[in-house]
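For reference, upload_13.pdb (PDB, C-alpha atoms, pLDDT in the B column):
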MODEL        1
ATOM      1  CA  MET G   1      87.104 146.415  75.488  1.00 86.00           C
ATOM      2  CA  THR G   2      84.707 144.021  73.778  1.00 92.00           C
ATOM      3  CA  LEU G   3      85.739 140.972  71.786  1.00 92.00           C
ATOM      4  CA  GLU G   4      84.421 142.681  68.655  1.00 93.00           C
ATOM      5  CA  GLN G   5      86.615 145.723  69.315  1.00 93.00           C
ATOM      6  CA  ILE G   6      89.671 143.544  69.886  1.00 94.00           C
ATOM      7  CA  ILE G   7      89.089 141.650  66.629  1.00 95.00           C
ATOM      8  CA  ASP G   8      88.595 144.965  64.844  1.00 95.00           C
ATOM      9  CA  ILE G   9      91.734 146.694  66.137  1.00 95.00           C
ATOM     10  CA  THR G  10      93.896 143.645  65.502  1.00 95.00           C
ATOM     11  CA  GLY G  11      92.605 143.270  61.951  1.00 96.00           C
ATOM     12  CA  GLU G  12      91.835 139.570  62.448  1.00 96.00           C
ATOM     13  CA  PHE G  13      88.185 139.606  61.336  1.00 95.00           C
ATOM     14  CA  THR G  14      88.872 138.032  57.924  1.00 95.00           C
ATOM     15  CA  HIS G  15      91.078 135.381  59.492  1.00 96.00           C
ATOM     16  CA  LEU G  16      88.415 134.593  62.096  1.00 95.00           C
ATOM     17  CA  HIS G  17      85.787 134.444  59.352  1.00 92.00           C
ATOM     18  CA  GLU G  18      87.914 131.823  57.568  1.00 94.00           C
ATOM     19  CA  LEU G  19      87.831 129.672  60.699  1.00 95.00           C
ATOM     20  CA  VAL G  20      84.068 130.102  61.034  1.00 91.00           C
ATOM     21  CA  MET G  21      83.534 129.097  57.400  1.00 89.00           C
ATOM     22  CA  ILE G  22      85.619 125.942  57.870  1.00 91.00           C
ATOM     23  CA  HIS G  23      83.476 124.987  60.870  1.00 88.00           C
ATOM     24  CA  ILE G  24      80.281 125.672  58.930  1.00 86.00           C
ATOM     25  CA  GLU G  25      81.474 123.525  56.027  1.00 86.00           C
ATOM     26  CA  LYS G  26      82.370 120.683  58.409  1.00 86.00           C
ATOM     27  CA  SER G  27      78.908 120.851  59.960  1.00 79.00           C
ATOM     28  CA  GLY G  28      77.188 120.441  56.598  1.00 80.00           C
ATOM     29  CA  GLY G  29      77.018 124.015  55.344  1.00 76.00           C
ATOM     30  CA  PHE G  30      74.922 127.037  56.181  1.00 75.00           C
ATOM     31  CA  ALA G  31      71.568 125.923  57.528  1.00 76.00           C
ATOM     32  CA  GLY G  32      70.172 129.242  58.732  1.00 79.00           C
ATOM     33  CA  PRO G  33      70.941 131.851  61.378  1.00 81.00           C
ATOM     34  CA  ASP G  34      70.340 129.536  64.338  1.00 81.00           C
ATOM     35  CA  ALA G  35      72.810 126.942  63.060  1.00 76.00           C
ATOM     36  CA  TYR G  36      75.302 129.701  62.267  1.00 79.00           C
ATOM     37  CA  PHE G  37      75.208 131.072  65.807  1.00 83.00           C
ATOM     38  CA  LYS G  38      75.446 127.554  67.275  1.00 83.00           C
ATOM     39  CA  THR G  39      78.697 127.219  65.320  1.00 83.00           C
ATOM     40  CA  VAL G  40      80.079 130.699  65.918  1.00 88.00           C
ATOM     41  CA  GLN G  41      79.311 131.251  69.599  1.00 91.00           C
ATOM     42  CA  PRO G  42      81.483 128.412  70.959  1.00 93.00           C
ATOM     43  CA  LEU G  43      84.399 129.628  68.809  1.00 93.00           C
ATOM     44  CA  LEU G  44      84.024 133.166  70.098  1.00 95.00           C
ATOM     45  CA  ASP G  45      83.817 131.877  73.668  1.00 96.00           C
ATOM     46  CA  LEU G  46      87.056 129.910  73.201  1.00 96.00           C
ATOM     47  CA  LEU G  47      88.778 132.920  71.647  1.00 96.00           C
ATOM     48  CA  GLU G  48      87.658 135.108  74.521  1.00 95.00           C
ATOM     49  CA  VAL G  49      89.151 132.660  77.033  1.00 96.00           C
ATOM     50  CA  GLU G  50      92.413 132.618  75.064  1.00 95.00           C
ATOM     51  CA  ILE G  51      92.564 136.410  75.107  1.00 95.00           C
ATOM     52  CA  ARG G  52      91.833 136.556  78.844  1.00 94.00           C
ATOM     53  CA  VAL G  53      94.568 134.001  79.575  1.00 95.00           C
ATOM     54  CA  ARG G  54      97.309 135.243  77.257  1.00 95.00           C
ATOM     55  CA  CYS G  55      96.791 138.986  76.815  1.00 91.00           C
ATOM     56  CA  ARG G  56      97.863 141.661  79.246  1.00 90.00           C
ATOM     57  CA  GLN G  57      97.064 145.358  79.436  1.00 88.00           C
ATOM     58  CA  SER G  58     100.687 146.211  78.691  1.00 93.00           C
ATOM     59  CA  MET G  59     100.684 144.343  75.361  1.00 92.00           C
ATOM     60  CA  THR G  60     100.957 146.243  72.120  1.00 94.00           C
ATOM     61  CA  GLN G  61      98.333 145.932  69.416  1.00 93.00           C
ATOM     62  CA  GLN G  62     100.792 143.832  67.383  1.00 95.00           C
ATOM     63  CA  GLN G  63     101.414 141.450  70.284  1.00 96.00           C
ATOM     64  CA  MET G  64      97.679 141.021  70.797  1.00 95.00           C
ATOM     65  CA  LYS G  65      97.255 140.423  67.057  1.00 96.00           C
ATOM     66  CA  LEU G  66      99.844 137.633  67.223  1.00 96.00           C
ATOM     67  CA  VAL G  67      98.033 135.941  70.115  1.00 96.00           C
ATOM     68  CA  ILE G  68      94.753 135.974  68.194  1.00 97.00           C
ATOM     69  CA  GLN G  69      96.406 135.012  64.920  1.00 97.00           C
ATOM     70  CA  ASP G  70      98.197 132.059  66.542  1.00 97.00           C
ATOM     71  CA  TRP G  71      94.991 130.829  68.151  1.00 97.00           C
ATOM     72  CA  ILE G  72      93.032 131.024  64.878  1.00 97.00           C
ATOM     73  CA  ASP G  73      95.835 129.281  62.967  1.00 98.00           C
ATOM     74  CA  GLN G  74      95.891 126.463  65.531  1.00 97.00           C
ATOM     75  CA  GLU G  75      92.112 126.048  65.347  1.00 96.00           C
ATOM     76  CA  ILE G  76      92.260 125.948  61.533  1.00 96.00           C
ATOM     77  CA  ARG G  77      94.969 123.267  61.648  1.00 96.00           C
ATOM     78  CA  GLU G  78      92.903 121.180  64.055  1.00 94.00           C
ATOM     79  CA  CYS G  79      89.830 121.484  61.823  1.00 91.00           C
ATOM     80  CA  ARG G  80      91.728 120.330  58.781  1.00 87.00           C
ATOM     81  CA  ASP G  81      93.309 117.317  60.490  1.00 82.00           C
TER
ENDMDL
END

Mind converting the file's structure to structure tokens?
Amino acid sequence: MTLEQIIDITGEFTHLHELVMIHIEKSGGFAGPDAYFKTVQPLLDLLEVEIRVRCRQSMTQQQMKLVIQDWIDQEIRECRD
């Protein structure tokens, strides 16, 4: 399953988008597609690592959602501190 599919089935796209927007604001705002991807790609890489470490094949969709939700919430808190 791809990261995009996981985000889609867990319904966490809007939540993830919130995190991305916070990072973009902190970096001075939207400065074009290249700057956007330089901001987004590291976040997606970190989320992918979190999923690989914490998620198991036997987990339910709800359990996986909670893992992703918790990670995003933690990242948002760290950005706002």

Once the PyMOL selection byres ((chain G and resi 70) around 12) has been evaluated on this model, what residues remain selected, and can you format them as a ChimeraX atom specification? /G:12,15-16,47,50-51,54,63-69,71-77

Name the residues captured by the PyMOL selection byres ((chain G and resi 40) around 10) when it is applied to the shown file; answer as a list in words. Leu16, His17, Leu19, Val20, Met21, His23, Ile24, Asp34, Ala35, Tyr36, Phe37, Lys38, Thr39, Gln41, Pro42, Leu43, Leu44 and Asp45 of chain G

Can you tell me which residues surround Ile22 (chain G) at a distance of at most 8 Å, considering only C-alpha atoms, apart from same-chain residues fewer than 4 positions away, and format the answer as a PyMOL selection string? chain G and resi 18+26+76+79

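Separating CA of Leu3 (chain G) from CA of Cys55 (chain G) is a distance of 12.3 Å.
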
Quick check, in Å to one decimal: how far apart do CA of Gly28 (chain G) and CA of Asp8 (chain G) lie? 28.3 Å

Edge lengths and centre in Å, axis-aligned, region 47-55 of chain G plus 8 Å each side, as lines of an AutoDock Vina configuration file:
center_x = 92.5
center_y = 135.8
center_z = 75.6
size_x = 25.7
size_y = 22.4
size_z = 23.9

I'd like the neighbourhood of Gln62 (chain G) as a ChimeraX atom specification, where a residue qualifies if any of its atoms comes within 10 Å (using only C-alpha atoms), though same-chain residues fewer than 6 positions away should be ignored. /G:9-11,68

Using all atoms listed in the file, can you tell me which of G:Arg80, G:Val53, G:Pro33, G:Glu48 comes closest to Gln5 (chain G)?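 Closest residue, counting all atoms listed in the file: G:Glu48.
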
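CA of Ala31 (chain G) is found 28.1 Å from CA of Ile6 (chain G).
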
Should you be able to, write chain G of this structure into a file that contains C-alpha atoms, as a CSV table (one decimal), in the first residue's frame.
chain,number,residue,atom,x,y,z
G,1,MET,CA,0.0,0.0,0.0
G,2,THR,CA,1.3,3.5,-0.8
G,3,LEU,CA,1.5,6.3,1.6
G,4,GLU,CA,-1.2,8.1,-0.4
G,5,GLN,CA,-3.5,5.2,-0.1
G,6,ILE,CA,-2.9,4.9,3.7
G,7,ILE,CA,-3.7,8.6,4.1
G,8,ASP,CA,-6.8,8.2,2.0
G,9,ILE,CA,-8.2,5.2,3.8
G,10,THR,CA,-7.5,6.7,7.2
G,11,GLY,CA,-9.2,10.0,6.3
G,12,GLU,CA,-6.2,12.0,7.6
G,13,PHE,CA,-5.5,14.1,4.4
G,14,THR,CA,-7.1,17.3,5.8
G,15,HIS,CA,-5.2,16.9,9.1
G,16,LEU,CA,-1.9,16.3,7.2
G,17,HIS,CA,-2.7,19.3,5.0
G,18,GLU,CA,-3.0,21.4,8.2
G,19,LEU,CA,0.5,20.4,9.2
G,20,VAL,CA,1.9,21.1,5.8
G,21,MET,CA,0.3,24.6,5.8
G,22,ILE,CA,1.8,25.4,9.2
G,23,HIS,CA,5.3,24.4,7.9
G,24,ILE,CA,4.7,26.6,4.8
G,25,GLU,CA,3.7,29.5,6.9
G,26,LYS,CA,6.8,29.1,9.2
G,27,SER,CA,9.0,29.0,6.1
G,28,GLY,CA,7.7,32.4,4.9
G,29,GLY,CA,4.6,31.3,2.9
G,30,PHE,CA,4.1,29.7,-0.5
G,31,ALA,CA,7.0,30.5,-2.8
G,32,GLY,CA,6.2,28.1,-5.7
G,33,PRO,CA,6.0,24.4,-6.4
G,34,ASP,CA,9.7,23.7,-5.7
G,35,ALA,CA,9.6,25.3,-2.2
G,36,TYR,CA,6.3,23.5,-1.5
G,37,PHE,CA,7.8,20.1,-2.3
G,38,LYS,CA,11.0,20.9,-0.3
G,39,THR,CA,8.6,21.5,2.7
G,40,VAL,CA,6.3,18.5,2.1
G,41,GLN,CA,8.7,15.8,1.1
G,42,PRO,CA,10.6,15.6,4.4
G,43,LEU,CA,7.3,15.5,6.3
G,44,LEU,CA,6.0,12.7,4.2
G,45,ASP,CA,9.3,10.8,4.7
G,46,LEU,CA,9.0,11.2,8.5
G,47,LEU,CA,5.4,10.0,8.4
G,48,GLU,CA,6.3,7.0,6.3
G,49,VAL,CA,9.0,6.0,8.8
G,50,GLU,CA,6.5,6.4,11.7
G,51,ILE,CA,4.0,4.1,9.8
G,52,ARG,CA,6.7,1.5,9.1
G,53,VAL,CA,7.8,1.5,12.8
G,54,ARG,CA,4.4,1.6,14.5
G,55,CYS,CA,1.9,-0.1,12.1
G,56,ARG,CA,1.4,-3.8,11.7
G,57,GLN,CA,-0.5,-5.8,9.1
G,58,SER,CA,-2.9,-6.9,11.8
G,59,MET,CA,-4.0,-3.4,12.7
G,60,THR,CA,-7.4,-2.2,12.0
G,61,GLN,CA,-8.1,0.9,9.9
G,62,GLN,CA,-9.0,2.8,13.1
G,63,GLN,CA,-5.8,1.8,14.8
G,64,MET,CA,-3.8,2.9,11.8
G,65,LYS,CA,-5.7,6.2,11.8
G,66,LEU,CA,-4.8,6.8,15.4
G,67,VAL,CA,-1.1,6.2,14.8
G,68,ILE,CA,-1.2,8.8,11.9
G,69,GLN,CA,-3.4,11.2,13.8
G,70,ASP,CA,-1.1,11.1,16.9
G,71,TRP,CA,2.0,11.7,14.8
G,72,ILE,CA,0.4,14.7,13.0
G,73,ASP,CA,-0.8,16.1,16.3
G,74,GLN,CA,2.7,15.8,17.8
G,75,GLU,CA,4.3,17.5,14.8
G,76,ILE,CA,1.7,20.3,14.9
G,77,ARG,CA,2.5,20.9,18.6
G,78,GLU,CA,6.2,21.0,18.0
G,79,CYS,CA,5.7,23.5,15.2
G,80,ARG,CA,3.7,25.8,17.4
G,81,ASP,CA,6.1,25.7,20.3
